[in-house]
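Containing mmCIF, C-alpha atoms: run11.cif.
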```cif
data_coords
#
loop_
_atom_site.label_atom_id
_atom_site.label_comp_id
_atom_site.auth_asym_id
_atom_site.auth_seq_id
_atom_site.Cartn_x
_atom_site.Cartn_y
_atom_site.Cartn_z
CA MET A 22 77.71 99.57 106.58
CA LYS A 23 80.91 99.33 108.64
CA ILE A 24 80.27 99.26 112.40
CA ILE A 25 83.47 99.49 114.45
CA LYS A 26 83.39 97.98 117.93
CA ASN A 27 87.06 97.35 118.79
CA THR A 28 90.26 99.35 119.00
CA ALA A 29 92.15 97.49 116.28
CA SER A 30 89.45 98.11 113.67
CA LEU A 31 89.21 101.74 114.76
CA ALA A 32 92.98 102.22 114.39
CA GLU A 33 92.89 100.66 110.92
CA ALA A 34 89.97 102.85 109.79
CA CYS A 35 91.50 106.05 111.19
CA ALA A 36 94.80 105.29 109.44
CA GLU A 37 92.89 105.16 106.15
CA PHE A 38 90.96 108.35 106.90
CA ALA A 39 94.25 110.12 107.70
CA LYS A 40 95.31 109.66 104.07
CA HIS A 41 92.60 112.09 102.90
CA ASP A 42 92.67 115.88 102.99
CA PHE A 43 89.33 115.99 104.81
CA VAL A 44 86.91 113.85 106.81
CA THR A 45 83.34 114.59 107.82
CA VAL A 46 82.42 113.90 111.43
CA ASP A 47 79.31 113.78 113.59
CA THR A 48 78.40 112.38 116.98
CA GLU A 49 75.25 111.14 118.66
CA PHE A 50 74.99 111.69 122.38
CA LEU A 51 72.64 112.03 125.33
CA ARG A 52 72.80 114.68 128.05
CA GLU A 53 69.26 115.11 129.34
CA THR A 54 70.07 113.53 132.71
CA THR A 55 73.81 114.20 132.99
CA PHE A 56 76.16 117.17 133.14
CA TRP A 57 78.71 115.55 130.85
CA PRO A 58 77.33 114.27 127.52
CA ILE A 59 77.20 110.50 127.07
CA LEU A 60 78.89 109.74 123.75
CA CYS A 61 76.85 107.04 122.00
CA LEU A 62 78.02 107.02 118.36
CA ILE A 63 80.71 108.54 116.18
CA GLN A 64 80.20 108.80 112.44
CA ILE A 65 83.16 109.43 110.13
CA ALA A 66 83.38 109.67 106.35
CA GLY A 67 86.20 110.27 103.92
CA PRO A 68 85.78 111.14 100.23
CA ASP A 69 84.90 107.55 99.34
CA ASP A 70 84.47 105.56 102.56
CA GLU A 71 82.59 105.84 105.83
CA CYS A 72 82.01 104.06 109.12
CA ILE A 73 80.17 104.21 112.42
CA VAL A 74 82.12 103.82 115.65
CA ASP A 75 80.39 102.43 118.75
CA PRO A 76 82.16 104.17 121.68
CA MET A 77 80.00 102.19 124.10
CA ALA A 78 81.40 98.84 122.90
CA GLU A 79 83.14 96.92 125.66
CA GLY A 80 86.89 97.51 125.79
CA ILE A 81 87.13 99.98 122.90
CA ASP A 82 89.80 102.68 123.20
CA LEU A 83 89.04 105.88 121.27
CA ALA A 84 92.69 106.97 121.13
CA PRO A 85 92.98 106.38 117.33
CA PHE A 86 89.96 108.61 116.77
CA PHE A 87 91.43 111.37 118.92
CA GLU A 88 94.72 111.06 117.01
CA LEU A 89 92.81 111.60 113.78
CA MET A 90 91.08 114.64 115.27
CA ALA A 91 94.51 116.05 116.23
CA ASP A 92 96.02 115.44 112.77
CA GLU A 93 96.43 118.93 111.33
CA SER A 94 96.92 117.60 107.80
CA VAL A 95 93.25 116.55 107.72
CA VAL A 96 90.39 119.06 107.75
CA LYS A 97 87.62 117.99 110.12
CA VAL A 98 84.19 118.92 108.74
CA PHE A 99 81.19 119.26 111.08
CA HIS A 100 77.76 120.85 110.85
CA ALA A 101 76.97 123.07 113.86
CA ALA A 102 80.22 121.89 115.42
CA ARG A 103 80.14 123.36 118.93
CA GLN A 104 78.58 120.44 120.83
CA ASP A 105 80.55 117.81 118.92
CA VAL A 106 83.80 119.66 119.57
CA GLU A 107 82.88 120.05 123.25
CA ILE A 108 82.50 116.27 123.57
CA ILE A 109 85.82 115.59 121.84
CA HIS A 110 87.51 118.20 124.01
CA ASN A 111 86.07 116.76 127.23
CA LEU A 112 86.90 113.14 126.42
CA GLY A 113 90.08 113.51 124.40
CA GLY A 114 91.57 116.67 125.84
CA LEU A 115 91.96 118.28 122.41
CA ILE A 116 90.16 120.43 119.88
CA PRO A 117 89.95 119.19 116.28
CA LYS A 118 92.07 121.33 113.96
CA PRO A 119 91.79 122.48 111.26
CA LEU A 120 88.01 122.76 111.55
CA PHE A 121 85.29 123.54 109.01
CA ASP A 122 81.74 124.18 110.18
CA SER A 123 79.31 123.85 107.28
CA GLN A 124 76.60 125.80 109.12
CA VAL A 125 78.89 128.83 109.46
CA ALA A 126 80.09 128.46 105.87
CA ALA A 127 76.50 128.25 104.66
CA MET A 128 75.68 131.54 106.41
CA VAL A 129 78.66 133.20 104.77
CA CYS A 130 77.52 131.83 101.40
CA GLY A 131 73.98 133.16 101.79
CA TYR A 132 71.95 130.12 102.87
CA GLY A 133 70.27 131.98 105.72
CA ASP A 134 70.72 132.22 109.48
CA SER A 135 71.76 128.97 111.23
CA ILE A 136 70.33 126.72 108.51
CA ALA A 137 69.35 123.22 109.65
CA TYR A 138 71.33 120.30 108.25
CA ASN A 139 68.39 118.64 106.46
CA MET A 140 67.56 121.94 104.73
CA LEU A 141 71.16 122.37 103.61
CA VAL A 142 71.20 118.81 102.27
CA ALA A 143 68.04 119.49 100.28
CA LYS A 144 69.32 122.79 98.84
CA ILE A 145 72.79 121.61 97.86
CA THR A 146 72.41 117.91 97.06
CA GLY A 147 68.67 117.59 96.45
CA GLY A 148 68.64 114.70 98.92
CA GLN A 149 66.11 114.07 101.66
CA ILE A 150 66.80 112.91 105.22
CA ASP A 151 64.27 110.76 107.06
CA LYS A 152 63.99 112.59 110.39
CA SER A 153 61.85 109.92 112.09
CA SER A 154 64.93 108.62 113.98
CA ARG A 155 65.93 112.07 115.19
CA PHE A 156 64.89 111.49 118.81
CA THR A 157 66.37 108.02 119.12
CA ASP A 158 67.71 106.76 122.44
CA TRP A 159 71.23 106.41 121.08
CA ALA A 160 72.44 104.63 124.20
CA ARG A 161 70.10 101.68 123.70
CA ARG A 162 71.48 98.59 122.01
CA PRO A 163 70.98 97.11 119.51
CA LEU A 164 70.27 100.02 117.18
CA THR A 165 68.17 99.29 114.10
CA ASP A 166 69.43 99.59 110.54
CA LYS A 167 67.07 102.56 110.11
CA GLN A 168 68.67 104.34 113.05
CA LEU A 169 72.16 103.62 111.80
CA ASP A 170 71.28 104.78 108.27
CA TYR A 171 70.00 108.05 109.72
CA ALA A 172 73.19 108.53 111.73
CA LEU A 173 75.45 107.77 108.79
CA ALA A 174 73.57 110.19 106.51
CA ASP A 175 74.83 113.00 108.75
CA VAL A 176 78.34 112.51 107.36
CA THR A 177 77.79 111.07 103.89
CA HIS A 178 75.75 114.05 102.64
CA LEU A 179 78.20 116.34 104.42
CA ARG A 180 80.94 115.33 101.96
CA ASP A 181 79.07 116.89 99.03
CA ILE A 182 78.07 119.90 101.13
CA TYR A 183 81.67 120.55 102.13
CA LEU A 184 83.00 120.32 98.58
CA HIS A 185 80.24 122.61 97.31
CA LEU A 186 80.70 125.23 100.04
CA ARG A 187 84.49 125.10 99.80
CA ALA A 188 84.30 125.82 96.07
CA ASP A 189 81.75 128.58 96.63
CA LEU A 190 83.92 130.23 99.29
CA GLU A 191 86.98 130.11 97.03
CA LYS A 192 85.00 131.55 94.11
CA GLN A 193 83.78 134.47 96.23
CA SER A 194 87.14 134.91 98.02
CA ARG A 195 85.49 134.28 101.38
CA THR A 196 87.54 131.35 102.66
CA ASP A 197 89.34 133.65 105.11
CA TRP A 198 85.99 134.79 106.47
CA VAL A 199 85.14 131.26 107.58
CA ASN A 200 88.66 130.66 108.87
CA GLU A 201 88.24 133.72 111.07
CA GLU A 202 85.03 132.27 112.51
CA MET A 203 86.72 128.94 113.18
CA MET A 204 89.14 130.66 115.55
CA VAL A 205 86.32 130.91 118.11
CA LEU A 206 85.30 127.26 117.70
CA THR A 207 88.90 126.09 118.07
CA SER A 208 89.66 128.19 121.13
CA ALA A 209 89.92 126.26 124.40
CA GLU A 210 88.30 129.21 126.18
CA THR A 211 85.08 128.43 124.33
CA TYR A 212 84.79 125.12 126.21
CA ASP A 213 86.74 125.67 129.45
CA LEU A 214 84.57 128.00 131.52
CA PRO A 215 86.05 127.95 135.06
CA VAL A 216 83.58 127.13 137.84
CA GLU A 217 84.22 130.52 139.42
CA LYS A 218 82.78 132.13 136.28
CA ALA A 219 79.62 130.03 136.29
CA TRP A 220 77.65 133.10 137.35
CA THR A 221 78.18 134.63 133.90
CA ARG A 222 75.61 132.15 132.56
CA LEU A 223 72.96 133.84 134.72
CA LYS A 224 70.97 136.99 134.10
CA MET A 225 71.85 140.03 136.19
CA ARG A 226 68.85 140.07 138.55
CA VAL A 227 70.60 141.50 141.58
CA ARG A 228 71.09 145.14 142.50
CA LYS A 229 73.40 145.10 145.50
CA PRO A 230 77.11 144.19 145.62
CA VAL A 231 76.52 141.73 148.49
CA ASP A 232 73.74 140.05 146.50
CA LEU A 233 76.07 139.69 143.53
CA ALA A 234 78.75 138.20 145.78
CA VAL A 235 76.27 135.60 147.04
CA MET A 236 75.05 134.86 143.50
CA LYS A 237 78.63 134.28 142.33
CA SER A 238 79.41 131.97 145.25
CA VAL A 239 76.18 129.98 144.92
CA ALA A 240 76.57 129.67 141.15
CA GLN A 241 80.09 128.31 141.66
CA TRP A 242 78.79 125.87 144.28
CA ARG A 243 76.05 124.67 141.91
CA GLU A 244 78.49 124.29 139.01
CA GLN A 245 80.90 122.20 141.08
CA GLU A 246 78.08 120.06 142.46
CA ALA A 247 76.68 119.45 138.96
CA ARG A 248 80.09 118.40 137.64
CA ASP A 249 80.91 116.20 140.63
CA ARG A 250 77.50 114.50 140.62
CA ASN A 251 77.31 114.48 136.79
CA VAL A 252 73.81 115.91 136.71
CA PRO A 253 72.39 118.97 134.90
CA ARG A 254 72.71 122.27 136.75
CA GLY A 255 68.95 122.48 137.10
CA ARG A 256 68.91 119.17 138.98
CA VAL A 257 71.15 120.72 141.63
CA MET A 258 69.32 124.05 141.79
CA LYS A 259 67.10 125.98 139.40
CA ASP A 260 68.20 129.44 138.28
CA ASP A 261 65.27 131.03 140.12
CA ALA A 262 66.52 129.46 143.36
CA VAL A 263 70.00 130.92 142.80
CA TYR A 264 68.47 134.38 142.44
CA GLU A 265 66.32 133.92 145.57
CA VAL A 266 69.26 132.74 147.68
CA ALA A 267 71.31 135.70 146.39
CA GLN A 268 68.63 138.13 147.54
CA GLN A 269 67.56 136.48 150.82
CA HIS A 270 70.98 135.41 152.21
CA PRO A 271 69.77 132.33 154.15
CA ARG A 272 72.15 131.53 157.03
CA ASP A 273 70.55 128.39 158.50
CA THR A 274 68.38 125.47 157.45
CA SER A 275 65.24 127.17 158.73
CA ALA A 276 65.82 130.09 156.38
CA LEU A 277 66.44 127.67 153.51
CA GLY A 278 63.11 126.00 154.25
CA ARG A 279 61.29 129.30 153.80
CA LEU A 280 62.59 129.87 150.26
CA ARG A 281 59.87 129.23 147.69
CA ALA A 282 62.20 128.44 144.80
CA LEU A 283 63.91 125.53 146.57
CA PRO A 284 62.18 122.13 146.51
CA ARG A 285 60.41 121.12 149.68
CA GLY A 286 62.73 119.35 152.09
CA PHE A 287 65.94 120.71 150.56
CA GLU A 288 66.90 122.15 153.95
CA ASN A 289 67.11 118.60 155.30
CA SER A 290 69.20 117.24 152.42
CA ARG A 291 72.90 116.49 152.55
CA PHE A 292 73.54 119.45 150.24
CA ALA A 293 72.08 122.13 152.53
CA ASP A 294 75.20 122.61 154.64
CA SER A 295 77.53 123.12 151.67
CA LEU A 296 75.09 125.61 150.14
CA LEU A 297 74.98 127.56 153.41
CA GLU A 298 78.79 127.54 153.46
CA ALA A 299 78.80 129.10 149.99
CA VAL A 300 76.47 131.83 151.25
CA GLU A 301 78.63 132.45 154.33
CA THR A 302 81.77 132.68 152.18
CA ALA A 303 80.20 135.51 150.21
CA LEU A 304 78.83 137.31 153.26
CA ALA A 305 82.29 137.26 154.85
CA ILE A 306 83.78 139.37 152.04
CA PRO A 307 84.73 142.85 153.34
CA LYS A 308 82.50 145.63 152.07
CA ASP A 309 85.31 147.28 150.12
CA ASP A 310 86.09 144.02 148.31
CA LEU A 311 82.55 143.23 147.18
CA PRO A 312 82.06 142.98 143.41
CA LYS A 313 80.51 145.92 141.64
CA VAL A 314 77.11 145.41 140.09
CA PRO A 315 77.30 146.27 136.38
CA ARG A 316 75.14 149.26 135.64
CA PRO A 317 73.56 149.57 132.21
CA SER A 318 75.15 152.53 130.49
CA ARG A 319 72.87 155.24 129.30
CA SER A 320 72.87 155.43 125.54
CA PRO A 321 73.31 158.85 123.93
CA GLU A 322 70.16 160.54 122.70
CA GLY A 323 69.11 159.27 119.30
CA THR A 324 70.72 155.86 119.74
CA GLY A 325 67.41 154.07 119.27
CA ALA A 326 66.73 155.73 115.94
CA ALA A 327 70.31 155.13 114.80
CA THR A 328 69.98 151.46 115.67
CA GLU A 329 66.85 151.16 113.53
CA MET A 330 68.68 152.73 110.57
CA LEU A 331 71.59 150.35 111.06
CA LYS A 332 69.17 147.40 111.00
CA VAL A 333 67.95 148.52 107.59
CA LEU A 334 71.52 148.97 106.36
CA LEU A 335 72.42 145.50 107.62
CA LYS A 336 69.52 143.99 105.71
CA VAL A 337 70.57 145.81 102.53
CA VAL A 338 74.21 144.72 102.85
CA ALA A 339 73.28 141.12 103.67
CA GLU A 340 71.02 140.86 100.63
CA GLN A 341 73.51 142.63 98.36
CA HIS A 342 76.37 140.29 99.24
CA GLY A 343 74.38 137.10 99.87
CA VAL A 344 75.49 136.72 103.49
CA ALA A 345 73.25 135.89 106.43
CA SER A 346 72.73 139.06 108.46
CA LYS A 347 73.19 137.11 111.71
CA VAL A 348 76.79 136.30 110.87
CA ILE A 349 77.59 139.94 110.00
CA ALA A 350 76.21 141.66 113.10
CA THR A 351 73.86 141.09 116.01
CA VAL A 352 71.32 143.56 117.35
CA ASP A 353 73.64 144.06 120.32
CA ASP A 354 76.44 144.99 117.89
CA LEU A 355 74.18 147.53 116.19
CA GLU A 356 73.15 149.11 119.49
CA LYS A 357 76.78 149.50 120.53
CA ILE A 358 77.80 150.95 117.16
CA ALA A 359 74.87 153.39 117.39
CA ALA A 360 76.16 154.51 120.81
CA SER A 361 79.86 154.71 119.91
CA ASP A 362 82.07 154.72 116.82
CA ASP A 363 84.72 152.90 118.87
CA ALA A 364 82.50 150.03 119.99
CA GLU A 365 84.42 146.81 120.58
CA VAL A 366 82.22 144.53 118.49
CA ALA A 367 82.90 141.93 115.82
CA ALA A 368 81.02 144.01 113.24
CA LEU A 369 83.81 146.61 113.38
CA GLN A 370 86.62 144.09 112.90
CA GLY A 371 88.09 141.96 110.13
CA TRP A 372 85.99 141.16 107.09
CA ARG A 373 82.84 142.45 108.76
CA LEU A 374 84.38 145.94 108.99
CA GLU A 375 85.00 145.99 105.24
CA LEU A 376 81.62 144.51 104.37
CA PHE A 377 79.38 146.43 106.78
CA GLY A 378 81.17 148.27 109.58
CA LYS A 379 82.61 151.12 107.50
CA GLN A 380 79.23 151.81 105.91
CA ALA A 381 77.60 151.70 109.33
CA LEU A 382 79.92 154.44 110.57
CA GLU A 383 79.42 156.43 107.35
CA LEU A 384 75.66 156.24 107.81
CA LYS A 385 76.00 157.55 111.36
CA ARG A 386 78.14 160.48 110.15
CA GLY A 387 75.76 161.32 107.33
CA ASP A 388 78.26 160.47 104.59
CA ILE A 389 75.80 158.01 103.05
CA ALA A 390 72.02 157.72 103.18
CA LEU A 391 69.33 155.13 102.64
CA GLY A 392 66.85 155.73 99.86
CA PHE A 393 64.07 153.93 98.05
CA GLU A 394 64.82 153.43 94.38
CA ASP A 395 63.62 150.88 91.83
CA ARG A 396 61.19 149.51 94.41
CA LYS A 397 63.90 148.63 96.91
CA ILE A 398 66.03 150.26 99.59
CA GLN A 399 69.48 151.28 98.42
CA VAL A 400 72.59 152.93 99.84
CA ILE A 401 73.09 156.41 98.40
CA GLU A 402 76.48 158.15 98.36
CA LEU A 403 76.28 161.80 99.47
CA GLU A 404 78.59 164.56 98.28
#
```
As a first step, turn the structure in this file into C-alpha cells.
Amino acid sequence: MKIIKNTASLAEACAEFAKHDFVTVDTEFLRETTFWPILCLIQIAGPDDECIVDPMAEGIDLAPFFELMADESVVKVFHAARQDVEIIHNLGGLIPKPLFDSQVAAMVCGYGDSIAYNMLVAKITGGQIDKSSRFTDWARRPLTDKQLDYALADVTHLRDIYLHLRADLEKQSRTDWVNEEMMVLTSAETYDLPVEKAWTRLKMRVRKPVDLAVMKSVAQWREQEARDRNVPRGRVMKDDAVYEVAQQHPRDTSALGRLRALPRGFENSRFADSLLEAVETALAIPKDDLPKVPRPSRSPEGTGAATEMLKVLLKVVAEQHGVASKVIATVDDLEKIAASDDAEVAALQGWRLELFGKQALELKRGDIALGFEDRKIQVIELE
C-alpha cells in the first residue's frame, strides 16, 4: 500500500495518474465540530495502481493533486460526489472536470434510489466491504492497516464499478443522461451559496415581511459567524432560535435573555451585540422595501388526484425503463406538473421529458390512461 506524505511523491504519483483516461477518487474528512471540513485522507486509483495521500502530513502541498483534478483529459470518478467536490472546491478553488458520479449513474441504470456504495460493490463486483472502520477518527495518527484498507477499498472497487456502469450507459444510450446530471455537480453555484442567501436553508416559518427581513439578516449573521469561527451553524445559533428572534425582534440584551430558544447567558456573551445589530439592520428597512413573504399558491381543483395518478405513471415508467424513479421526478415535480402543463421542473426537460414528461402531460389531457392488464399496471393508448 502506497502512503504519500510529501509533495515530491505526490507530484510523481499524480503525473502517472494523469496518463490514464480516468481515476477514481474519494476523501475522508471530519466536520462534526467545524464549519469547513477537515480533510484527513485522499484516496486515488488508476486502472492498475492506487495510493493514499495524507493531507495532514507536515509540509505537504496538495497542488499536484489539484492539478490532476483540473486536468480535463482525465475523468474523475466519485461515488456520491457532492461532499468530496465541495472539499476540493473549498481547498483548491476548482471543481473536478470531467466528473462521473457512480451513484447517479447507478440510478440511471436501474440500481435503485441513492444506492449505498457497499451495496453497489456487492451487486456489480460481488465483493464485500468491511464497514467496521466506517466511523473512524480519520484525523488521528497513526491509522491502522485495517483503517487504511477500508479507505483504499473505496477507490479500488470503484474502478470496476465505473467500467461496468460506463459500458451499461453506452449500451442503453444513456451516457448523455448522466452527463446532464453532472452539470449540476460541476456548477460553482452548487457550492458557493452567498452568506446573504443563507436564509434559503431555513423553513418559511414567518408570516410578516418584517419578520422575514429579520430572519434574513439573522441568518446572514449566523452564516458569517460560523464561517469566521469555523464552527457548525448550530453552534452559533440553532434554527429554532433564528425563528424566535425573527418573530420577537429583540432590541436589547434583556429581550435576548427572555428568548427560550437561546442558551442561558447568551445575552451576556460577546456575540450578543452583533446579533442585535443584525436585528436593527432589518428593522431599519423602510416598509415599502421589506421582502415579500412567499405565499403558497392554491393548486387548481383536482390537483391532488392528478398527482396520485402521476405517481403511478412514474412507477410504471421507472420499472419499464429500469431507471430509479427518484432521478426521473420528485413528488414536488409531480405536484407542479399536476397544477400546470408549463411547470418549470426537471421532469419536463431534457431526457426526462422524453422518458416521462410527455406521457405525464398526455395522462393529464386524457390522451392515455392507466389500466390493469396481465396482473400489472400498464399505460394504455386512447383513440
Go through A:His342, A:His270, A:His100, A:Lys336 and flag the residue nearest Glu298 in chain A, using only C-alpha atoms for the distances.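 Closest residue, counting only C-alpha atoms: A:His270.
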Which is closest to Gln64 in chain A among A:Val125, A:Ala160, A:Val44, A:Ala91, if we use all atoms listed in the file? A:Val44
At a cut-off of 8 Å, using all atoms listed in the file, what residues contact range 196-202 of chain A? Leave out same-chain residues fewer than 2 positions from it and give the result as a list in words. Phe121, Val125, Ala126, Val129, Arg187, Leu190, Glu191, Ser194, Met204, Val205, Leu206 and Trp372 of chain A
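Between CA of Gln380 in chain A and CA of Val338 in chain A there is a distance of 9.2 Å.
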Decode the PyMOL selection byres ((chain A and resi 132-147) around 9) for the given file into explicit residues and return them as a PyMOL selection string. chain A and resi 100-101+123-131+148-152+175+178-179+181-182+185-186+343-348
Enumerate, as JSON, numbers by chain, the residues matched when the PyMOL selection byres ((chain A and resi 282) around 12) is run on the file above. {"A": [255, 258, 259, 260, 261, 262, 263, 264, 265, 266, 267, 268, 269, 277, 278, 279, 280, 281, 283, 284, 285, 286, 287]}
Taking the file as shown, what set of residues would the PyMOL selection byres ((chain A and resi 272) around 8) give back, as a PyMOL selection string? chain A and resi 270-271+273-274+276-277+297+300-301
Show which residues sit within 6 Å of Val96 in chain A, as number ranges by chain. Count only C-alpha atoms, and ignore same-chain residues fewer than 2 positions away. A: 43, 119-120
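If you count all atoms listed in the file and ignore residues fewer than 2 places along the chain from Gly378 in chain A, what sits within 10 Å of it is A:Leu331, A:Leu335, A:Ile349, A:Ala350, A:Leu355, A:Ile358, A:Asp362, A:Val366, A:Ala367, A:Ala368, A:Leu369, A:Gln370, A:Gly371, A:Trp372, A:Arg373, A:Leu374, A:Glu375, A:Leu376, A:Gln380, A:Ala381, A:Leu382, A:Glu383, A:Leu384.
Restricting the calculation to only C-alpha atoms, the smallest distance between Arg243 in chain A and any of A:Ala293, A:Val95, A:Ile81, A:Leu304 is found for A:Ala293.
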Between A:Asp353, A:Phe292, A:Glu88, A:Tyr212, which is the closest to Gly325 in chain A once you count all atoms listed in the file?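 Going through A:Asp353, A:Phe292, A:Glu88, A:Tyr212 one by one, the smallest distance to Gly325 in chain A is for A:Asp353.
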Calculate how many Å separate CA of Asp232 in chain A from CA of Ala303 in chain A, rounding to one decimal.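 One can read the CA of Asp232 in chain A to CA of Ala303 in chain A distance as 8.7 Å.
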Might you pull out every residue within 6 Å of Val46 in chain A, with all atoms listed in the file counted and same-chain residues fewer than 2 positions away left off, and present them as a PyMOL selection string? chain A and resi 64-65+98-99+176
Find the residue from A:Glu49, A:Asp310, A:Ser361, A:Met330 that sits nearest to Asp158 in chain A; use all atoms listed in the file when measuring.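 Between A:Glu49, A:Asp310, A:Ser361, A:Met330, the residue approaching Asp158 in chain A most closely is A:Glu49.
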Expected axis-aligned box over every listed atom of range 27-34 of chain A, 8 Å added per side, centre plus edges in Å to one decimal, as lines of an AutoDock Vina configuration file:
```
center_x = 90.0
center_y = 100.1
center_z = 114.4
size_x = 21.9
size_y = 21.5
size_z = 25.2
```
Find the residue from A:Ile59, A:Leu164, A:Val337, A:Val106 that sits nearest to Asn251 in chain A; use all atoms listed in the file when measuring.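 Among the listed residues, the smallest separation from Asn251 in chain A belongs to A:Ile59.
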Quick one: residues within 10 Å of Gly114 in chain A, only C-alpha atoms counted, chain neighbours fewer than 6 positions away excluded, as a PyMOL selection string? chain A and resi 87+107-108+209
Show me that you can extract range 248-272 of chain A, keeping C-alpha atoms, and write it as an mmCIF file, in the first residue's frame.
```cif
data_model
loop_
_atom_site.group_PDB
_atom_site.id
_atom_site.type_symbol
_atom_site.label_atom_id
_atom_site.label_comp_id
_atom_site.auth_asym_id
_atom_site.auth_seq_id
_atom_site.Cartn_x
_atom_site.Cartn_y
_atom_site.Cartn_z
ATOM 1 C CA ARG A 248 -17.518 30.681 8.748
ATOM 2 C CA ASP A 249 -15.325 33.130 10.650
ATOM 3 C CA ARG A 250 -15.233 30.974 13.784
ATOM 4 C CA ASN A 251 -15.107 27.716 11.772
ATOM 5 C CA VAL A 252 -17.882 26.087 13.771
ATOM 6 C CA PRO A 253 -21.166 24.467 12.651
ATOM 7 C CA ARG A 254 -24.098 26.831 12.221
ATOM 8 C CA GLY A 255 -25.897 25.179 15.111
ATOM 9 C CA ARG A 256 -23.008 26.029 17.436
ATOM 10 C CA VAL A 257 -23.591 29.716 16.712
ATOM 11 C CA MET A 258 -27.389 29.557 16.901
ATOM 12 C CA LYS A 259 -29.960 26.804 16.462
ATOM 13 C CA ASP A 260 -32.569 27.170 13.723
ATOM 14 C CA ASP A 261 -35.337 27.459 16.328
ATOM 15 C CA ALA A 262 -33.545 30.468 17.822
ATOM 16 C CA VAL A 263 -33.366 32.146 14.397
ATOM 17 C CA TYR A 264 -37.129 31.746 14.030
ATOM 18 C CA GLU A 265 -37.770 33.091 17.543
ATOM 19 C CA VAL A 266 -35.559 36.142 17.019
ATOM 20 C CA ALA A 267 -37.306 36.770 13.682
ATOM 21 C CA GLN A 268 -40.694 36.790 15.389
ATOM 22 C CA GLN A 269 -39.810 38.598 18.649
ATOM 23 C CA HIS A 270 -37.466 41.334 17.316
ATOM 24 C CA PRO A 271 -35.284 41.665 20.455
ATOM 25 C CA ARG A 272 -33.688 45.128 20.624
#
```
